[in-house]
Every structure is written in C-alpha cells, then in structure tokens.
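Asker: File model25.cif below, mmCIF, C-alpha atoms:
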```
data_final
loop_
_atom_site.group_PDB
_atom_site.id
_atom_site.type_symbol
_atom_site.label_atom_id
_atom_site.label_comp_id
_atom_site.auth_asym_id
_atom_site.auth_seq_id
_atom_site.Cartn_x
_atom_site.Cartn_y
_atom_site.Cartn_z
ATOM 1 C CA MET P 1 -9.881 -31.324 9.441
ATOM 2 C CA LYS P 2 -13.017 -32.036 7.452
ATOM 3 C CA CYS P 3 -16.401 -31.433 9.046
ATOM 4 C CA VAL P 4 -19.673 -32.543 7.441
ATOM 5 C CA ILE P 5 -22.883 -30.804 8.508
ATOM 6 C CA PHE P 6 -26.233 -32.480 7.836
ATOM 7 C CA ALA P 7 -29.142 -30.060 7.430
ATOM 8 C CA GLY P 8 -32.833 -30.844 6.985
ATOM 9 C CA MET P 9 -33.389 -31.669 3.299
ATOM 10 C CA PRO P 10 -33.167 -35.346 2.245
ATOM 11 C CA VAL P 11 -29.641 -36.597 1.488
ATOM 12 C CA PRO P 12 -29.236 -39.649 -0.787
ATOM 13 C CA GLN P 13 -26.613 -42.373 -0.458
ATOM 14 C CA THR P 14 -25.191 -41.258 -3.813
ATOM 15 C CA LEU P 15 -23.512 -38.370 -1.968
ATOM 16 C CA ARG P 16 -21.521 -40.761 0.225
ATOM 17 C CA ARG P 17 -18.237 -39.425 -1.171
ATOM 18 C CA PHE P 18 -18.780 -36.227 0.803
ATOM 19 C CA TRP P 19 -18.949 -37.859 4.224
ATOM 20 C CA GLN P 20 -16.966 -41.073 3.953
ATOM 21 C CA ASP P 21 -13.681 -39.267 4.771
ATOM 22 C CA ALA P 22 -15.150 -36.851 7.354
ATOM 23 C CA ASP P 23 -13.267 -36.296 10.590
ATOM 24 C CA TYR P 24 -16.308 -34.916 12.387
ATOM 25 C CA VAL P 25 -20.063 -35.015 11.657
ATOM 26 C CA ILE P 26 -22.595 -32.504 12.974
ATOM 27 C CA ALA P 27 -26.341 -33.015 12.603
ATOM 28 C CA ALA P 28 -28.229 -29.722 12.648
ATOM 29 C CA ASP P 29 -31.850 -30.173 13.798
ATOM 30 C CA ALA P 30 -33.659 -32.431 11.268
ATOM 31 C CA GLY P 31 -30.242 -33.363 9.897
ATOM 32 C CA TYR P 32 -30.169 -36.011 12.628
ATOM 33 C CA GLU P 33 -32.938 -37.936 10.847
ATOM 34 C CA ASN P 34 -30.964 -37.603 7.610
ATOM 35 C CA ALA P 35 -27.836 -39.033 9.178
ATOM 36 C CA ARG P 36 -29.728 -41.909 10.806
ATOM 37 C CA ARG P 37 -31.326 -42.920 7.509
ATOM 38 C CA LEU P 38 -27.830 -43.111 6.031
ATOM 39 C CA GLY P 39 -26.564 -45.286 8.881
ATOM 40 C CA LEU P 40 -24.431 -42.522 10.406
ATOM 41 C CA GLU P 41 -24.072 -41.601 14.051
ATOM 42 C CA PRO P 42 -23.057 -37.923 14.257
ATOM 43 C CA ASP P 43 -20.424 -36.686 16.673
ATOM 44 C CA LEU P 44 -22.636 -33.751 17.660
ATOM 45 C CA LEU P 45 -26.397 -33.130 17.509
ATOM 46 C CA LEU P 46 -27.663 -29.579 17.777
ATOM 47 C CA GLY P 47 -30.781 -27.584 17.015
ATOM 48 C CA ASP P 48 -33.912 -26.056 18.481
ATOM 49 C CA TYR P 49 -36.008 -29.031 17.311
ATOM 50 C CA ASP P 50 -39.045 -26.855 16.709
ATOM 51 C CA SER P 51 -39.809 -28.735 13.467
ATOM 52 C CA ALA P 52 -38.106 -32.087 14.024
ATOM 53 C CA PRO P 53 -38.202 -34.828 16.674
ATOM 54 C CA ARG P 54 -35.831 -34.117 19.544
ATOM 55 C CA PRO P 55 -33.083 -36.756 19.718
ATOM 56 C CA PRO P 56 -32.158 -38.542 22.950
ATOM 57 C CA GLN P 57 -30.578 -36.149 25.429
ATOM 58 C CA ASN P 58 -26.947 -37.030 26.098
ATOM 59 C CA ALA P 59 -23.484 -35.512 26.254
ATOM 60 C CA LYS P 60 -23.314 -34.932 22.500
ATOM 61 C CA THR P 61 -26.736 -33.262 22.205
ATOM 62 C CA LEU P 62 -26.980 -29.479 22.329
ATOM 63 C CA VAL P 63 -30.519 -28.072 22.432
ATOM 64 C CA LEU P 64 -30.656 -24.475 21.217
ATOM 65 C CA PRO P 65 -33.352 -21.879 21.916
ATOM 66 C CA ALA P 66 -35.965 -21.507 19.185
ATOM 67 C CA GLU P 67 -35.613 -17.704 19.247
ATOM 68 C CA LYS P 68 -32.025 -16.870 18.301
ATOM 69 C CA ASP P 69 -30.057 -14.960 15.685
ATOM 70 C CA ASP P 70 -28.280 -17.984 14.162
ATOM 71 C CA THR P 71 -29.960 -20.639 12.091
ATOM 72 C CA ASP P 72 -29.176 -24.152 13.312
ATOM 73 C CA THR P 73 -26.898 -24.691 10.298
ATOM 74 C CA TYR P 74 -25.076 -21.400 10.929
ATOM 75 C CA PHE P 75 -24.561 -22.414 14.552
ATOM 76 C CA ALA P 76 -23.159 -25.730 13.327
ATOM 77 C CA ALA P 77 -20.760 -23.784 11.104
ATOM 78 C CA ARG P 78 -19.612 -21.789 14.124
ATOM 79 C CA ARG P 79 -18.945 -25.042 15.958
ATOM 80 C CA ALA P 80 -17.002 -26.431 12.982
ATOM 81 C CA ILE P 81 -14.728 -23.365 13.079
ATOM 82 C CA ALA P 82 -14.259 -23.718 16.842
ATOM 83 C CA LEU P 83 -13.230 -27.343 16.323
ATOM 84 C CA GLY P 84 -10.517 -26.275 13.901
ATOM 85 C CA ALA P 85 -12.094 -27.382 10.624
ATOM 86 C CA ASP P 86 -10.409 -26.161 7.447
ATOM 87 C CA GLU P 87 -12.863 -27.983 5.171
ATOM 88 C CA ALA P 88 -16.634 -28.317 5.504
ATOM 89 C CA VAL P 89 -19.506 -29.739 3.490
ATOM 90 C CA ILE P 90 -23.161 -28.918 4.162
ATOM 91 C CA LEU P 91 -25.533 -31.628 2.949
ATOM 92 C CA GLY P 92 -29.316 -31.248 2.976
ATOM 93 C CA GLY P 93 -28.980 -27.481 2.751
ATOM 94 C CA LEU P 94 -30.195 -26.878 -0.815
ATOM 95 C CA GLY P 95 -33.788 -26.913 -2.050
ATOM 96 C CA GLY P 96 -36.867 -26.702 0.135
ATOM 97 C CA ARG P 97 -37.527 -23.287 1.652
ATOM 98 C CA LEU P 98 -35.826 -20.515 -0.299
ATOM 99 C CA ASP P 99 -35.060 -18.505 2.857
ATOM 100 C CA HIS P 100 -33.137 -21.455 4.303
ATOM 101 C CA THR P 101 -31.226 -21.939 1.045
ATOM 102 C CA LEU P 102 -30.254 -18.251 1.005
ATOM 103 C CA ALA P 103 -29.221 -18.454 4.663
ATOM 104 C CA ASN P 104 -27.041 -21.463 3.859
ATOM 105 C CA LEU P 105 -25.399 -19.579 0.992
ATOM 106 C CA GLN P 106 -24.552 -16.808 3.434
ATOM 107 C CA THR P 107 -23.172 -19.455 5.787
ATOM 108 C CA LEU P 108 -20.723 -20.444 3.027
ATOM 109 C CA VAL P 109 -19.416 -16.864 2.967
ATOM 110 C CA PHE P 110 -19.072 -16.869 6.764
ATOM 111 C CA LEU P 111 -17.038 -20.080 6.586
ATOM 112 C CA ALA P 112 -14.868 -18.788 3.732
ATOM 113 C CA LYS P 113 -14.068 -15.578 5.610
ATOM 114 C CA ASN P 114 -12.958 -17.716 8.539
ATOM 115 C CA GLY P 115 -10.542 -19.751 6.461
ATOM 116 C CA VAL P 116 -12.759 -22.779 5.845
ATOM 117 C CA ARG P 117 -13.185 -24.111 2.296
ATOM 118 C CA ALA P 118 -16.848 -25.076 2.346
ATOM 119 C CA TRP P 119 -19.383 -26.535 -0.062
ATOM 120 C CA LEU P 120 -23.144 -26.890 -0.218
ATOM 121 C CA ALA P 121 -24.023 -29.984 -2.220
ATOM 122 C CA ASP P 122 -26.913 -32.068 -3.494
ATOM 123 C CA GLU P 123 -27.146 -34.493 -6.420
ATOM 124 C CA ALA P 124 -27.330 -31.757 -9.061
ATOM 125 C CA ASN P 125 -25.453 -28.809 -7.568
ATOM 126 C CA GLU P 126 -22.271 -27.971 -5.678
ATOM 127 C CA VAL P 127 -21.652 -24.432 -4.436
ATOM 128 C CA THR P 128 -18.679 -22.840 -2.704
ATOM 129 C CA ALA P 129 -17.721 -19.293 -1.705
ATOM 130 C CA LEU P 130 -14.228 -18.201 -2.751
ATOM 131 C CA MET P 131 -11.967 -15.518 -1.358
ATOM 132 C CA PRO P 132 -9.597 -13.600 -3.690
ATOM 133 C CA GLY P 133 -7.029 -15.828 -5.365
ATOM 134 C CA VAL P 134 -6.572 -18.233 -8.275
ATOM 135 C CA TYR P 135 -8.344 -21.595 -8.327
ATOM 136 C CA GLN P 136 -8.032 -24.632 -10.602
ATOM 137 C CA ILE P 137 -11.331 -26.410 -11.313
ATOM 138 C CA PRO P 138 -11.124 -29.879 -12.905
ATOM 139 C CA ALA P 139 -13.517 -30.187 -15.864
ATOM 140 C CA ARG P 140 -16.741 -32.098 -15.354
ATOM 141 C CA PRO P 141 -18.394 -33.364 -18.504
ATOM 142 C CA GLY P 142 -22.117 -32.752 -18.324
ATOM 143 C CA TRP P 143 -21.858 -29.959 -15.758
ATOM 144 C CA TYR P 144 -22.123 -26.172 -15.996
ATOM 145 C CA CYS P 145 -19.682 -23.904 -14.179
ATOM 146 C CA SER P 146 -21.066 -20.540 -13.041
ATOM 147 C CA VAL P 147 -19.773 -17.640 -10.957
ATOM 148 C CA PHE P 148 -21.763 -14.995 -9.085
ATOM 149 C CA SER P 149 -20.983 -12.105 -6.794
ATOM 150 C CA ALA P 150 -21.566 -13.002 -3.149
ATOM 151 C CA GLY P 151 -22.220 -9.432 -2.026
ATOM 152 C CA ASP P 152 -20.320 -6.391 -3.233
ATOM 153 C CA ALA P 153 -18.689 -6.168 -6.653
ATOM 154 C CA VAL P 154 -16.081 -8.849 -7.364
ATOM 155 C CA ARG P 155 -13.171 -7.281 -9.257
ATOM 156 C CA GLY P 156 -10.463 -8.644 -11.495
ATOM 157 C CA VAL P 157 -12.445 -11.749 -12.429
ATOM 158 C CA THR P 158 -10.551 -13.839 -14.964
ATOM 159 C CA LEU P 159 -11.939 -17.112 -16.345
ATOM 160 C CA LYS P 160 -9.855 -19.441 -18.496
ATOM 161 C CA GLY P 161 -10.539 -22.920 -19.826
ATOM 162 C CA LEU P 162 -14.242 -22.135 -20.138
ATOM 163 C CA LYS P 163 -16.348 -21.534 -23.240
ATOM 164 C CA TYR P 164 -16.998 -17.926 -22.218
ATOM 165 C CA PRO P 165 -13.766 -16.421 -20.806
ATOM 166 C CA LEU P 166 -13.434 -13.219 -18.827
ATOM 167 C CA CYS P 167 -10.370 -11.020 -18.335
ATOM 168 C CA GLU P 168 -10.127 -8.661 -15.358
ATOM 169 C CA ALA P 169 -13.909 -8.239 -15.342
ATOM 170 C CA THR P 170 -16.107 -6.864 -12.572
ATOM 171 C CA VAL P 171 -18.956 -9.175 -11.549
ATOM 172 C CA THR P 172 -21.802 -7.578 -9.586
ATOM 173 C CA GLY P 173 -24.999 -8.760 -7.970
ATOM 174 C CA PHE P 174 -27.049 -6.914 -10.594
ATOM 175 C CA PHE P 175 -26.283 -8.884 -13.762
ATOM 176 C CA PRO P 176 -25.696 -12.672 -13.996
ATOM 177 C CA ILE P 177 -22.873 -12.552 -16.540
ATOM 178 C CA GLY P 178 -21.237 -15.642 -15.041
ATOM 179 C CA VAL P 179 -24.158 -18.058 -15.378
ATOM 180 C CA SER P 180 -24.177 -21.359 -17.308
ATOM 181 C CA ASN P 181 -20.595 -21.395 -18.518
ATOM 182 C CA GLU P 182 -19.141 -24.596 -19.985
ATOM 183 C CA PHE P 183 -15.799 -26.349 -19.629
ATOM 184 C CA ALA P 184 -13.564 -25.980 -22.691
ATOM 185 C CA ALA P 185 -10.383 -27.576 -21.287
ATOM 186 C CA ASP P 186 -9.372 -30.291 -18.846
ATOM 187 C CA THR P 187 -8.990 -27.636 -16.139
ATOM 188 C CA ALA P 188 -10.667 -24.260 -15.752
ATOM 189 C CA THR P 189 -8.985 -21.366 -13.974
ATOM 190 C CA VAL P 190 -10.984 -18.912 -11.858
ATOM 191 C CA GLY P 191 -9.145 -15.914 -10.461
ATOM 192 C CA PHE P 192 -10.094 -12.558 -8.937
ATOM 193 C CA SER P 193 -8.568 -9.843 -6.777
ATOM 194 C CA GLU P 194 -11.368 -8.355 -4.656
ATOM 195 C CA GLY P 195 -14.686 -9.485 -3.175
ATOM 196 C CA VAL P 196 -16.268 -12.887 -2.540
ATOM 197 C CA LEU P 197 -17.309 -15.116 -5.432
ATOM 198 C CA TYR P 198 -19.778 -17.992 -5.533
ATOM 199 C CA LEU P 199 -18.626 -20.864 -7.728
ATOM 200 C CA VAL P 200 -21.555 -23.064 -8.747
ATOM 201 C CA LEU P 201 -21.282 -26.442 -10.468
ATOM 202 C CA SER P 202 -24.651 -27.611 -11.832
ATOM 203 C CA ARG P 203 -25.462 -30.839 -13.596
ATOM 204 C CA ARG P 204 -26.942 -30.384 -17.062
ATOM 205 C CA GLU P 205 -30.611 -31.187 -17.429
ATOM 206 C CA PRO P 206 -31.349 -34.379 -19.428
ATOM 207 C CA GLU P 207 -32.003 -33.646 -23.070
ATOM 208 C CA LYS P 208 -35.643 -33.793 -24.058
ATOM 209 C CA PRO P 209 -36.576 -36.620 -26.452
#
```
What does the file become when written as structure tokens?
Answerer:
Amino acid sequence: MKCVIFAGMPVPQTLRRFWQDADYVIAADAGYENARRLGLEPDLLLGDYDSAPRPPQNAKTLVLPAEKDDTDTYFAARRAIALGADEAVILGGLGGRLDHTLANLQTLVFLAKNGVRAWLADEANEVTALMPGVYQIPARPGWYCSVFSAGDAVRGVTLKGLKYPLCEATVTGFFPIGVSNEFAADTATVGFSEGVLYLVLSRREPEKP
C-alpha cells in the first residue's frame, strides 16, 4: 500500500508521478492547502492548524492539540503505518524551516524502522532512509547520488557503479565522505551491514554561462 503525505511547503504539479498511483493520501496541517491547489481531495486531514486555516470539520478531519510530542507530519507517518502502508512519500517536507526539514528526515528513519520504504521529495531532491541490505539504484543523468549516516556509524558500506566507490567502509555523522557522488554505470549498488543510511538524489545545478 502506498501512502502519500502532503506537508506544508509548496508542491508543484511536476511531482504528480509521486501521487498519481497513491492508495491513500494524508494532508498534514497546511498540506491540505497544497493538495487542494493540485486538485486532490485527501482521504484524511490532520493537524493542529496553528499556522494554517482549519479545514471543514467532518469524519475525515482529525484536529490535533498544538502542544504535543509529534509533529503533524510524524503523526501522519504513524497513521500511515497503522493503515498498513509499506511505501510512503512525503511531499512539501523539504525546504522552509530547517527544524521541520530535520524533523522530516528523522520521520524517514522512523518509517524505515517500521518496514516502510519512504521518500522525501521536491523538484531537486529525493531522500530515503535505508536499513541494512543491498540496494540497486538506477542511474539518473544529471543527478548526484550521496549517502550519509542517519545516526550512529554505518558499517560495511560498499558503493559500486559510482564514480567514487567504497568497499566495506564506515560512514559516520562526523565526515561527509559520501557527498556528491556521480553515476558511472547504468545501475549503482549501495550495500551496508549495520546502521541506518540516508540515500540522497540531488539534481545538478545548471551550469553557469
């Protein structure tokens, strides 16, 4: 089951591919305005609405207290897990306030540890949190492929099919050795044995004239 969560940052129509095959759509707080602008009617609306207009109250609206431990997006992730999602995409969760972006990155780890393959995406970036294993990443011309530790040391990191390979390396949160790598084959392989790893795909900046 694929669940798409709309957060508060603007989401363009160019990202339609992420929601057009969704089984369930959750709008977290200001994400409701995002979904409406895109012509979508979410299956569930939730949030504390302390910084966004409150939507009409009905059976699919869940108003949360403003003072709580979870962010609205994190609460939406909890609901996605409860619904049985095994895939999730958070749109409108990158950019804007740095604290919210960091919270959304932590939400990716929470989803990954609960068996959900999840992505944060905007027009220039796609981020996922990976659990130990081996992953095949199709090459994307014009995009960087980076890896970062998502907490403690990530051990046994092996990168193949990229310009800068690694073999059984340890990636920590203290040195960005995995940043700005480049595809060198049709498919890149990312593998590791311990920890949680962020995989980041970032569109190259336009070349200056």
Asker: So that I can check the surroundings of Ala153 of chain P, please list as an MDAnalysis selection string every protein, DNA and RNA residue that reaches within 12 Å of it, counting only C-alpha atoms and ignoring chain neighbours fewer than 3 positions away.
Answerer: chainID P and resid 148:150 156:157 169:175 192:198
Asker: Tell me which protein, DNA and RNA residues are within 12 Å of segment 26-31 of chain P, counting all atoms listed in the file, leaving out same-chain ones fewer than 3 positions away, and put them as a PDB file with C-alpha atoms, in the frame of the given file.
Answerer:
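Saved the output as out_29.pdb:
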```pdb
ATOM      1  CA  LYS P   2     -13.017 -32.036   7.452  1.00  0.00           C
ATOM      2  CA  CYS P   3     -16.401 -31.433   9.046  1.00  0.00           C
ATOM      3  CA  VAL P   4     -19.673 -32.543   7.441  1.00  0.00           C
ATOM      4  CA  ILE P   5     -22.883 -30.804   8.508  1.00  0.00           C
ATOM      5  CA  PHE P   6     -26.233 -32.480   7.836  1.00  0.00           C
ATOM      6  CA  ALA P   7     -29.142 -30.060   7.430  1.00  0.00           C
ATOM      7  CA  GLY P   8     -32.833 -30.844   6.985  1.00  0.00           C
ATOM      8  CA  MET P   9     -33.389 -31.669   3.299  1.00  0.00           C
ATOM      9  CA  PRO P  10     -33.167 -35.346   2.245  1.00  0.00           C
ATOM     10  CA  VAL P  11     -29.641 -36.597   1.488  1.00  0.00           C
ATOM     11  CA  TRP P  19     -18.949 -37.859   4.224  1.00  0.00           C
ATOM     12  CA  ALA P  22     -15.150 -36.851   7.354  1.00  0.00           C
ATOM     13  CA  ASP P  23     -13.267 -36.296  10.590  1.00  0.00           C
ATOM     14  CA  ASN P  34     -30.964 -37.603   7.610  1.00  0.00           C
ATOM     15  CA  ALA P  35     -27.836 -39.033   9.178  1.00  0.00           C
ATOM     16  CA  ARG P  36     -29.728 -41.909  10.806  1.00  0.00           C
ATOM     17  CA  ARG P  37     -31.326 -42.920   7.509  1.00  0.00           C
ATOM     18  CA  LEU P  38     -27.830 -43.111   6.031  1.00  0.00           C
ATOM     19  CA  LEU P  40     -24.431 -42.522  10.406  1.00  0.00           C
ATOM     20  CA  GLU P  41     -24.072 -41.601  14.051  1.00  0.00           C
ATOM     21  CA  PRO P  42     -23.057 -37.923  14.257  1.00  0.00           C
ATOM     22  CA  ASP P  43     -20.424 -36.686  16.673  1.00  0.00           C
ATOM     23  CA  LEU P  44     -22.636 -33.751  17.660  1.00  0.00           C
ATOM     24  CA  LEU P  45     -26.397 -33.130  17.509  1.00  0.00           C
ATOM     25  CA  LEU P  46     -27.663 -29.579  17.777  1.00  0.00           C
ATOM     26  CA  GLY P  47     -30.781 -27.584  17.015  1.00  0.00           C
ATOM     27  CA  ASP P  48     -33.912 -26.056  18.481  1.00  0.00           C
ATOM     28  CA  TYR P  49     -36.008 -29.031  17.311  1.00  0.00           C
ATOM     29  CA  ASP P  50     -39.045 -26.855  16.709  1.00  0.00           C
ATOM     30  CA  SER P  51     -39.809 -28.735  13.467  1.00  0.00           C
ATOM     31  CA  ALA P  52     -38.106 -32.087  14.024  1.00  0.00           C
ATOM     32  CA  PRO P  53     -38.202 -34.828  16.674  1.00  0.00           C
ATOM     33  CA  ARG P  54     -35.831 -34.117  19.544  1.00  0.00           C
ATOM     34  CA  PRO P  55     -33.083 -36.756  19.718  1.00  0.00           C
ATOM     35  CA  LYS P  60     -23.314 -34.932  22.500  1.00  0.00           C
ATOM     36  CA  THR P  61     -26.736 -33.262  22.205  1.00  0.00           C
ATOM     37  CA  LEU P  62     -26.980 -29.479  22.329  1.00  0.00           C
ATOM     38  CA  VAL P  63     -30.519 -28.072  22.432  1.00  0.00           C
ATOM     39  CA  LEU P  64     -30.656 -24.475  21.217  1.00  0.00           C
ATOM     40  CA  PRO P  65     -33.352 -21.879  21.916  1.00  0.00           C
ATOM     41  CA  ALA P  66     -35.965 -21.507  19.185  1.00  0.00           C
ATOM     42  CA  ASP P  70     -28.280 -17.984  14.162  1.00  0.00           C
ATOM     43  CA  THR P  71     -29.960 -20.639  12.091  1.00  0.00           C
ATOM     44  CA  ASP P  72     -29.176 -24.152  13.312  1.00  0.00           C
ATOM     45  CA  THR P  73     -26.898 -24.691  10.298  1.00  0.00           C
ATOM     46  CA  TYR P  74     -25.076 -21.400  10.929  1.00  0.00           C
ATOM     47  CA  PHE P  75     -24.561 -22.414  14.552  1.00  0.00           C
ATOM     48  CA  ALA P  76     -23.159 -25.730  13.327  1.00  0.00           C
ATOM     49  CA  ALA P  77     -20.760 -23.784  11.104  1.00  0.00           C
ATOM     50  CA  ARG P  78     -19.612 -21.789  14.124  1.00  0.00           C
ATOM     51  CA  ARG P  79     -18.945 -25.042  15.958  1.00  0.00           C
ATOM     52  CA  ALA P  80     -17.002 -26.431  12.982  1.00  0.00           C
ATOM     53  CA  LEU P  83     -13.230 -27.343  16.323  1.00  0.00           C
ATOM     54  CA  ALA P  85     -12.094 -27.382  10.624  1.00  0.00           C
ATOM     55  CA  ALA P  88     -16.634 -28.317   5.504  1.00  0.00           C
ATOM     56  CA  VAL P  89     -19.506 -29.739   3.490  1.00  0.00           C
ATOM     57  CA  ILE P  90     -23.161 -28.918   4.162  1.00  0.00           C
ATOM     58  CA  LEU P  91     -25.533 -31.628   2.949  1.00  0.00           C
ATOM     59  CA  GLY P  92     -29.316 -31.248   2.976  1.00  0.00           C
ATOM     60  CA  GLY P  93     -28.980 -27.481   2.751  1.00  0.00           C
TER      61      GLY P  93
END
```
Asker: If we count all atoms listed in the file and set the cut-off at 12 Å, which residues sit around Ile137 of chain P, ignoring sequence neighbours fewer than 2 positions away in its own chain? Please answer as a PyMOL selection string.
Answerer: chain P and resi 128+134-135+139-140+143-146+159-162+182-191+199-201
Asker: Can you tell me how far atom CA of Pro176 of chain P sits from atom CA of Asp152 of chain P, in Å to one decimal?
Answerer: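 Separation of atom CA of Pro176 of chain P and atom CA of Asp152 of chain P: 13.6 Å.
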Asker: Please put the answer as lines of an AutoDock Vina configuration file: centre and edge lengths, in Å with one decimal, of a box along x, y and z that encloses all listed atoms of segment 177-193 of chain P plus 6 Å on each side.
Answerer:
```
center_x = -16.4
center_y = -20.1
center_z = -14.7
size_x = 27.6
size_y = 32.4
size_z = 27.9
```
Asker: Quick one: distance from atom CA of Cys167 of chain P to atom CA of Val147 of chain P in Å, one decimal?
Answerer: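 Result for atom CA of Cys167 of chain P versus atom CA of Val147 of chain P: 13.7 Å, one decimal.
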Asker: What separation in Å, quoted to one decimal, exists between atom CA of Glu123 of chain P and atom CA of Leu15 of chain P?
Answerer: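 So the two atoms, atom CA of Glu123 of chain P and atom CA of Leu15 of chain P, lie 6.9 Å apart.
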